$ cat entry32.csv   # CSV, C-alpha atoms
chain,number,residue,atom,x,y,z
A,33,MET,CA,33.3,-48.2,16.4
A,34,GLU,CA,36.5,-46.2,16.3
A,35,ARG,CA,37.0,-43.4,18.8
A,36,PHE,CA,36.2,-40.4,16.5
A,37,GLU,CA,33.0,-41.9,15.3
A,38,LEU,CA,32.0,-42.8,18.8
A,39,ALA,CA,32.7,-39.3,20.0
A,40,GLN,CA,30.7,-37.8,17.1
A,41,THR,CA,27.7,-40.0,17.9
A,42,LEU,CA,27.8,-39.2,21.6
A,43,ILE,CA,28.2,-35.5,21.3
A,44,LEU,CA,25.2,-35.2,19.0
A,45,GLN,CA,23.1,-37.4,21.3
A,46,ALA,CA,24.1,-35.2,24.3
A,47,GLY,CA,23.4,-32.0,22.4
A,48,ALA,CA,19.9,-33.2,21.4
A,49,VAL,CA,19.1,-33.8,25.1
A,50,LEU,CA,20.4,-30.4,26.2
A,51,ARG,CA,18.3,-28.6,23.6
A,52,GLN,CA,15.2,-30.0,25.2
A,53,SER,CA,16.3,-29.4,28.7
A,54,HIS,CA,14.6,-27.1,31.2
A,55,LEU,CA,16.0,-25.6,34.4
A,56,ASP,CA,14.5,-24.5,37.7
A,57,GLY,CA,16.2,-23.0,40.7
A,58,GLY,CA,16.8,-26.3,42.3
A,59,ALA,CA,18.9,-27.5,39.4
A,60,ILE,CA,21.5,-24.7,39.5
A,61,TRP,CA,24.3,-24.4,42.1
A,62,GLN,CA,27.2,-22.1,42.7
A,63,LYS,CA,30.7,-23.5,42.7
A,64,THR,CA,32.9,-20.7,44.0
A,65,SER,CA,30.6,-17.7,43.5
A,66,HIS,CA,27.4,-16.5,41.8
A,67,GLN,CA,29.5,-16.1,38.6
A,68,ASP,CA,30.7,-19.7,38.7
A,69,LEU,CA,27.7,-22.0,38.2
A,70,VAL,CA,27.0,-25.7,37.6
A,71,THR,CA,23.7,-27.3,36.8
A,72,ARG,CA,22.3,-30.8,37.0
A,73,TRP,CA,22.6,-30.9,33.2
A,74,ASP,CA,26.4,-30.3,33.4
A,75,LYS,CA,26.6,-33.3,35.7
A,76,GLU,CA,24.2,-35.6,33.8
A,77,THR,CA,25.8,-34.8,30.5
A,78,GLU,CA,29.3,-35.6,31.8
A,79,GLN,CA,28.0,-38.8,33.4
A,80,PHE,CA,26.5,-39.9,30.1
A,81,LEU,CA,29.7,-39.2,28.1
A,82,ARG,CA,31.9,-40.9,30.7
A,83,ARG,CA,29.7,-44.0,30.9
A,84,GLU,CA,29.5,-44.5,27.2
A,85,LEU,CA,33.2,-43.8,26.5
A,86,LEU,CA,34.5,-46.1,29.2
A,87,ALA,CA,32.1,-48.8,28.2
A,88,ALA,CA,33.5,-48.7,24.6
A,89,CYS,CA,37.1,-47.9,25.6
A,90,PRO,CA,37.7,-49.4,29.1
A,91,GLY,CA,41.5,-48.8,29.0
A,92,ASP,CA,41.1,-45.0,28.4
A,93,ALA,CA,41.2,-42.2,30.9
A,94,ILE,CA,38.6,-39.5,31.4
A,95,VAL,CA,39.4,-35.9,32.5
A,96,GLY,CA,36.3,-33.9,32.9
A,97,GLU,CA,35.1,-30.7,34.6
A,98,GLU,CA,32.6,-32.1,37.0
A,99,TYR,CA,34.1,-35.3,38.4
A,100,PRO,CA,37.6,-36.7,39.4
A,101,PRO,CA,39.7,-38.2,36.6
A,102,ALA,CA,39.1,-41.9,35.8
A,103,ALA,CA,42.2,-44.1,35.8
A,104,ARG,CA,43.6,-45.4,32.5
A,105,GLY,CA,45.4,-48.4,31.1
A,106,VAL,CA,49.0,-48.2,29.9
A,107,GLN,CA,48.0,-47.9,26.2
A,108,GLY,CA,44.8,-45.9,26.7
A,109,ALA,CA,43.9,-42.5,25.3
A,110,VAL,CA,42.9,-39.6,27.4
A,111,TRP,CA,39.5,-37.9,26.9
A,112,TYR,CA,39.0,-34.3,28.0
A,113,LEU,CA,35.3,-33.5,28.5
A,114,ASP,CA,33.5,-30.2,29.1
A,115,PRO,CA,29.8,-31.1,29.3
A,116,ILE,CA,28.7,-27.5,29.1
A,117,ASP,CA,31.2,-24.9,28.2
A,118,GLY,CA,29.4,-21.7,28.9
A,119,THR,CA,27.2,-22.8,31.7
A,120,THR,CA,26.1,-19.2,32.6
A,121,ASN,CA,25.0,-18.8,28.9
A,122,PHE,CA,23.1,-22.0,29.2
A,123,VAL,CA,21.3,-20.8,32.3
A,124,ASN,CA,20.6,-17.2,31.3
A,125,GLN,CA,20.3,-17.4,27.5
A,126,HIS,CA,20.0,-21.1,26.5
A,127,CYS,CA,22.4,-20.3,23.7
A,128,ASN,CA,26.2,-19.7,23.2
A,129,TYR,CA,27.2,-22.9,25.0
A,130,ALA,CA,29.0,-26.0,23.8
A,131,ILE,CA,29.9,-29.6,24.5
A,132,SER,CA,33.6,-30.2,24.1
A,133,ILE,CA,35.4,-33.6,23.6
A,134,GLY,CA,39.1,-33.8,23.0
A,135,CYS,CA,41.1,-37.0,22.7
A,136,TYR,CA,44.9,-37.3,23.1
A,137,GLN,CA,47.4,-40.2,23.3
A,138,ASN,CA,50.8,-39.9,25.0
A,139,GLY,CA,50.3,-36.1,25.0
A,140,ALA,CA,49.7,-35.9,21.3
A,141,PRO,CA,46.4,-34.8,19.8
A,142,LEU,CA,44.2,-37.3,18.1
A,143,PHE,CA,41.0,-35.3,17.5
A,144,GLY,CA,38.7,-32.7,18.9
A,145,LEU,CA,35.0,-32.0,18.6
A,146,VAL,CA,33.0,-28.9,19.8
A,147,LEU,CA,29.3,-28.8,19.4
A,148,ASP,CA,27.6,-25.4,19.4
A,149,VAL,CA,24.5,-27.0,20.9
A,150,GLU,CA,21.7,-24.5,20.0
A,151,ARG,CA,23.0,-23.7,16.5
A,152,GLN,CA,23.7,-27.3,15.8
A,153,LEU,CA,27.2,-26.6,14.5
A,154,LEU,CA,29.7,-29.4,15.0
A,155,TYR,CA,33.3,-28.3,14.7
A,156,THR,CA,35.8,-31.2,14.2
A,157,GLY,CA,39.5,-31.6,13.8
A,158,ARG,CA,41.6,-34.7,13.4
A,159,ALA,CA,45.4,-34.5,13.6
A,160,GLY,CA,46.6,-34.2,10.1
A,161,GLY,CA,43.1,-34.3,8.7
A,162,GLY,CA,42.0,-30.7,8.6
A,163,ALA,CA,39.2,-28.8,10.4
A,164,PHE,CA,35.5,-28.8,9.6
A,165,CYS,CA,32.1,-27.4,10.6
A,166,ASN,CA,29.2,-29.7,9.8
A,167,GLY,CA,31.5,-31.5,7.4
A,168,VAL,CA,32.5,-28.3,5.5
A,169,PRO,CA,36.2,-27.4,5.6
A,170,ILE,CA,37.0,-24.3,7.7
A,171,ARG,CA,40.1,-22.1,7.7
A,172,VAL,CA,41.5,-19.2,9.7
A,173,SER,CA,41.3,-15.6,8.4
A,174,VAL,CA,44.0,-14.0,6.4
A,175,HIS,CA,43.8,-10.6,8.3
A,176,SER,CA,47.2,-9.4,9.5
A,177,ARG,CA,46.9,-5.7,10.4
A,178,LEU,CA,46.0,-5.3,14.0
A,179,PRO,CA,43.4,-2.5,13.4
A,180,GLU,CA,41.6,-5.0,11.2
A,181,LEU,CA,41.5,-7.8,13.8
A,182,LEU,CA,38.6,-9.1,15.9
A,183,LEU,CA,39.6,-10.2,19.4
A,184,TYR,CA,37.5,-12.7,21.5
A,185,THR,CA,37.8,-13.1,25.2
A,186,PRO,CA,35.4,-15.2,27.4
A,187,ASP,CA,35.6,-13.0,30.5
A,188,VAL,CA,36.0,-9.3,29.8
A,189,LEU,CA,36.3,-8.3,33.4
A,190,ARG,CA,39.0,-10.7,34.2
A,191,THR,CA,40.9,-10.1,31.0
A,192,PHE,CA,41.1,-6.4,31.2
A,193,LEU,CA,40.6,-5.5,34.9
A,194,ALA,CA,42.3,-8.3,36.9
A,195,GLN,CA,45.6,-7.6,38.5
A,196,HIS,CA,47.9,-9.5,36.2
A,197,PRO,CA,51.4,-8.7,34.7
A,198,ALA,CA,49.9,-8.6,31.2
A,199,ARG,CA,47.0,-6.3,32.1
A,200,ALA,CA,48.4,-3.1,30.7
A,201,GLY,CA,49.4,-4.7,27.4
A,202,LEU,CA,46.1,-6.4,27.0
A,203,VAL,CA,44.3,-3.1,27.5
A,204,ARG,CA,46.5,-1.5,24.8
A,205,LEU,CA,45.8,-4.5,22.5
A,206,ALA,CA,42.0,-4.0,23.0
A,207,GLU,CA,42.5,-0.3,22.0
A,208,THR,CA,44.4,-1.3,18.9
A,209,VAL,CA,42.3,-4.0,17.4
A,210,ARG,CA,39.1,-3.3,15.5
A,211,CYS,CA,36.8,-4.7,18.2
A,212,VAL,CA,36.6,-6.9,21.3
A,213,ARG,CA,33.8,-9.4,21.6
A,214,SER,CA,32.9,-12.1,24.2
A,215,LEU,CA,30.8,-15.2,23.9
A,216,GLY,CA,31.6,-16.6,27.3
A,217,SER,CA,32.8,-19.9,26.0
A,218,VAL,CA,36.5,-20.8,25.5
A,219,ALA,CA,35.7,-23.6,23.1
A,220,LEU,CA,33.3,-21.6,20.9
A,221,GLU,CA,35.6,-18.6,20.7
A,222,LEU,CA,38.6,-20.7,19.7
A,223,CYS,CA,36.4,-22.3,17.0
A,224,ALA,CA,35.5,-18.8,15.8
A,225,VAL,CA,39.2,-18.1,15.2
A,226,ALA,CA,39.5,-21.5,13.5
A,227,ALA,CA,36.5,-20.7,11.2
A,228,GLY,CA,37.8,-17.2,10.3
A,229,GLN,CA,35.1,-15.4,12.2
A,230,ALA,CA,37.6,-13.9,14.6
A,231,ASP,CA,41.3,-13.4,14.5
A,232,LEU,CA,42.6,-13.4,18.1
A,233,PHE,CA,41.6,-15.0,21.4
A,234,VAL,CA,42.9,-14.5,24.9
A,235,THR,CA,42.0,-15.7,28.3
A,236,LEU,CA,44.0,-15.5,31.6
A,237,CYS,CA,42.7,-18.8,32.9
A,238,SER,CA,41.6,-21.9,31.1
A,239,SER,CA,41.3,-25.6,32.1
A,240,PRO,CA,42.2,-28.6,29.9
A,241,TRP,CA,38.6,-29.5,29.3
A,242,ASP,CA,37.9,-25.9,28.1
A,243,HIS,CA,40.5,-25.7,25.4
A,244,ASN,CA,41.9,-29.2,24.5
A,245,ALA,CA,39.3,-30.0,21.8
A,246,ALA,CA,39.2,-26.6,20.3
A,247,ARG,CA,42.9,-26.2,20.1
A,248,ILE,CA,43.1,-29.3,17.8
A,249,ILE,CA,40.5,-27.8,15.6
A,250,LEU,CA,42.3,-24.4,15.6
A,251,ALA,CA,45.6,-26.0,14.7
A,252,GLU,CA,44.0,-28.0,11.8
A,253,ALA,CA,42.5,-24.8,10.5
A,254,GLY,CA,45.9,-23.1,10.3
A,255,GLY,CA,45.9,-21.2,13.6
A,256,CYS,CA,48.4,-21.0,16.5
A,257,ILE,CA,48.1,-21.2,20.2
A,258,CYS,CA,50.4,-20.6,23.2
A,259,ASP,CA,50.5,-19.3,26.8
A,260,LEU,CA,51.2,-15.7,27.6
A,261,ALA,CA,54.9,-16.3,27.7
A,262,GLY,CA,54.7,-17.5,24.1
A,263,LYS,CA,55.3,-21.1,25.1
A,264,PRO,CA,53.4,-24.3,24.3
A,265,PHE,CA,51.4,-25.8,27.1
A,266,SER,CA,50.7,-29.4,28.0
A,267,PRO,CA,47.2,-30.9,27.4
A,268,ASP,CA,47.1,-31.5,31.2
A,269,ALA,CA,47.8,-27.9,32.2
A,270,ASN,CA,45.6,-25.1,33.4
A,271,SER,CA,46.9,-22.1,31.5
A,272,ALA,CA,46.4,-18.6,30.2
A,273,VAL,CA,45.8,-18.9,26.5
A,274,LEU,CA,46.6,-16.7,23.5
A,275,ALA,CA,45.5,-17.8,20.0
A,276,ALA,CA,45.7,-16.2,16.6
A,277,ASN,CA,45.1,-16.9,13.0
A,278,SER,CA,48.8,-17.2,12.2
A,279,ALA,CA,52.2,-17.5,13.7
A,280,GLU,CA,53.0,-14.0,12.5
A,281,THR,CA,50.0,-12.4,14.2
A,282,LEU,CA,50.8,-14.3,17.4
A,283,ALA,CA,54.4,-13.1,17.3
A,284,THR,CA,53.3,-9.5,16.7
A,285,VAL,CA,50.9,-9.5,19.7
A,286,LEU,CA,53.4,-11.2,22.0
A,287,ARG,CA,56.2,-8.8,21.1
A,288,GLY,CA,54.1,-5.6,21.1
A,289,TYR,CA,51.7,-6.2,23.9
A,290,ILE,CA,52.4,-9.2,26.1
A,291,LEU,CA,56.1,-9.9,26.6

$ encode --input "entry32.csv" --output "C-alpha cells"
Amino acid sequence: MERFELAQTLILQAGAVLRQSHLDGGAIWQKTSHQDLVTRWDKETEQFLRRELLAACPGDAIVGEEYPPAARGVQGAVWYLDPIDGTTNFVNQHCNYAISIGCYQNGAPLFGLVLDVERQLLYTGRAGGGAFCNGVPIRVSVHSRLPELLLYTPDVLRTFLAQHPARAGLVRLAETVRCVRSLGSVALELCAVAAGQADLFVTLCSSPWDHNAARIILAEAGGCICDLAGKPFSPDANSAVLAANSAETLATVLRGYIL
C-alpha cells in the first residue's frame, strides 16, 4: 500500500476509535499548566499511528507531539503526527478536534491529511494534486477587502494579549476584519481557510505536528502561509504562523499590520 493510502486508512481507523472514547479524571494530565493537557487517548492514538506507519515503512521517520522522534533511513520520508489537535476541545466538548498526518521527503511536501473527527470530515492534499474534503475539491475564498475577512486564531488570549512585537498590529487587524473566531485547533483552522470558510489565520506559536499537514492542504487549495516576518519556515520548525487566502491578502496584512 502506498503511503497516502496507508495514511488515509489509519487516520480513519484512529478517528473511529476516538469517537467512541470516554474520559475520566485519571486519563487526563497537565503538561505545563491547566491549559496544556494530554490524555491517554493522545498517547494511544500516536502509538497506534507510529506502530502501523513504521511497520509498513521501516525506513521512515516519525515526528509526533507525544513521543521522541523515531530515527529514519537515508531515503525515508518524515511523518508529522498530531494524534489530537485540540485536546482541550476533546476533553471539554468532544468536538472541534482533529487527527493530523503530514508526510514530507527531503523537506518537500508529499501529502497532508486532517480529520475533523466528530464531523467525519477528511481534508486531504497531495503536492500538485489539489485539496479535497471527503473527496470533494475545496478552494480558498475570493474575498480581498479586509473588512470582509474572517480571521481564525487558536488561542485568543495569547494572540491579542501576550507581550509580543506584533501585538499592537494584531489588535488593529482584529478591529479591521469582519470578525475573529477561534476553534482551538491549528489544523482545523488552517483547513477552514483552505475550504473558503475563513480568510485569515494567525498564531504566535505552532509546532510542526500542528501545521505541517494542514499547510499542504492550504497550499493545494490556493492559499499562502509564512511566519510573522513574511518568510517561509521549515517543516521542522516551531514557528508563528500567518496564513491567508491569497498572496495579495497576505502581503496586505504583513505590510499594514505586522511588519

$ residues_around --input "entry32.csv" --residues "range 39-49 of chain A" --least-positions-apart "2" --cutoff "8 Å" --atoms "only C-alpha atoms" --output "list in words"
Arg35, Phe36, Glu37, Arg51, Gln52, Ser53, Thr77, Phe80, Leu81, Glu84, Leu85, Ile131, Ile133, Leu145, Leu147 and Val149 of chain A

$ atom_distance --input "entry32.csv" --atom1 "CA of Gly216 in chain A" --atom2 "CA of Ala109 in chain A"
28.7 Å

$ residues_around --input "entry32.csv" --residues "Val172 in chain A" --least-positions-apart "6" --cutoff "6 Å" --atoms "only C-alpha atoms" --output "list in words"
Ala226, Ala227, Gly228, Ala253, Gly254 and Asn277 of chain A

$ write_last_selection --input "entry32.csv" --atoms "C-alpha atoms" --output "short mmCIF file (atom, residue, chain, number, x, y, z; two decimals), in the coordinates of the input"
data_model
loop_
_atom_site.label_atom_id
_atom_site.label_comp_id
_atom_site.auth_asym_id
_atom_site.auth_seq_id
_atom_site.Cartn_x
_atom_site.Cartn_y
_atom_site.Cartn_z
CA ALA A 226 39.50 -21.50 13.50
CA ALA A 227 36.50 -20.70 11.20
CA GLY A 228 37.80 -17.20 10.30
CA ALA A 253 42.50 -24.80 10.50
CA GLY A 254 45.90 -23.10 10.30
CA ASN A 277 45.10 -16.90 13.00
#

$ residues_around --input "entry32.csv" --residues "Ser214 in chain A" --least-positions-apart "3" --cutoff "6 Å" --atoms "all atoms listed in the file" --output "list in words"
Tyr184, Thr185 and Pro186 of chain A

$ residues_near_point --input "entry32.csv" --point "(26.1, -27.1, 30.2)" --cutoff "12 Å" --atoms "all atoms listed in the file" --output "ChimeraX atom specification"
/A:46-47,49-51,53-55,59-60,69-78,97-98,113-132,147-150,217

$ write_last_selection --input "entry32.csv" --atoms "C-alpha atoms" --output "CSV table (one decimal), in the frame of the given file"
chain,number,residue,atom,x,y,z
A,46,ALA,CA,24.1,-35.2,24.3
A,47,GLY,CA,23.4,-32.0,22.4
A,49,VAL,CA,19.1,-33.8,25.1
A,50,LEU,CA,20.4,-30.4,26.2
A,51,ARG,CA,18.3,-28.6,23.6
A,53,SER,CA,16.3,-29.4,28.7
A,54,HIS,CA,14.6,-27.1,31.2
A,55,LEU,CA,16.0,-25.6,34.4
A,59,ALA,CA,18.9,-27.5,39.4
A,60,ILE,CA,21.5,-24.7,39.5
A,69,LEU,CA,27.7,-22.0,38.2
A,70,VAL,CA,27.0,-25.7,37.6
A,71,THR,CA,23.7,-27.3,36.8
A,72,ARG,CA,22.3,-30.8,37.0
A,73,TRP,CA,22.6,-30.9,33.2
A,74,ASP,CA,26.4,-30.3,33.4
A,75,LYS,CA,26.6,-33.3,35.7
A,76,GLU,CA,24.2,-35.6,33.8
A,77,THR,CA,25.8,-34.8,30.5
A,78,GLU,CA,29.3,-35.6,31.8
A,97,GLU,CA,35.1,-30.7,34.6
A,98,GLU,CA,32.6,-32.1,37.0
A,113,LEU,CA,35.3,-33.5,28.5
A,114,ASP,CA,33.5,-30.2,29.1
A,115,PRO,CA,29.8,-31.1,29.3
A,116,ILE,CA,28.7,-27.5,29.1
A,117,ASP,CA,31.2,-24.9,28.2
A,118,GLY,CA,29.4,-21.7,28.9
A,119,THR,CA,27.2,-22.8,31.7
A,120,THR,CA,26.1,-19.2,32.6
A,121,ASN,CA,25.0,-18.8,28.9
A,122,PHE,CA,23.1,-22.0,29.2
A,123,VAL,CA,21.3,-20.8,32.3
A,124,ASN,CA,20.6,-17.2,31.3
A,125,GLN,CA,20.3,-17.4,27.5
A,126,HIS,CA,20.0,-21.1,26.5
A,127,CYS,CA,22.4,-20.3,23.7
A,128,ASN,CA,26.2,-19.7,23.2
A,129,TYR,CA,27.2,-22.9,25.0
A,130,ALA,CA,29.0,-26.0,23.8
A,131,ILE,CA,29.9,-29.6,24.5
A,132,SER,CA,33.6,-30.2,24.1
A,147,LEU,CA,29.3,-28.8,19.4
A,148,ASP,CA,27.6,-25.4,19.4
A,149,VAL,CA,24.5,-27.0,20.9
A,150,GLU,CA,21.7,-24.5,20.0
A,217,SER,CA,32.8,-19.9,26.0

$ closest_residue --input "entry32.csv" --among "A:Val146, A:Ala269, A:Cys237, A:Leu189" --to "Leu250 in chain A" --atoms "only C-alpha atoms"
A:Val146

$ closest_residue --input "entry32.csv" --among "A:Thr284, A:Asn270, A:Thr156, A:Thr64" --to "Leu142 in chain A" --atoms "all atoms listed in the file"
A:Thr156

$ atom_distance --input "entry32.csv" --atom1 "CA of Ala163 in chain A" --atom2 "CA of Glu180 in chain A"
23.9 Å
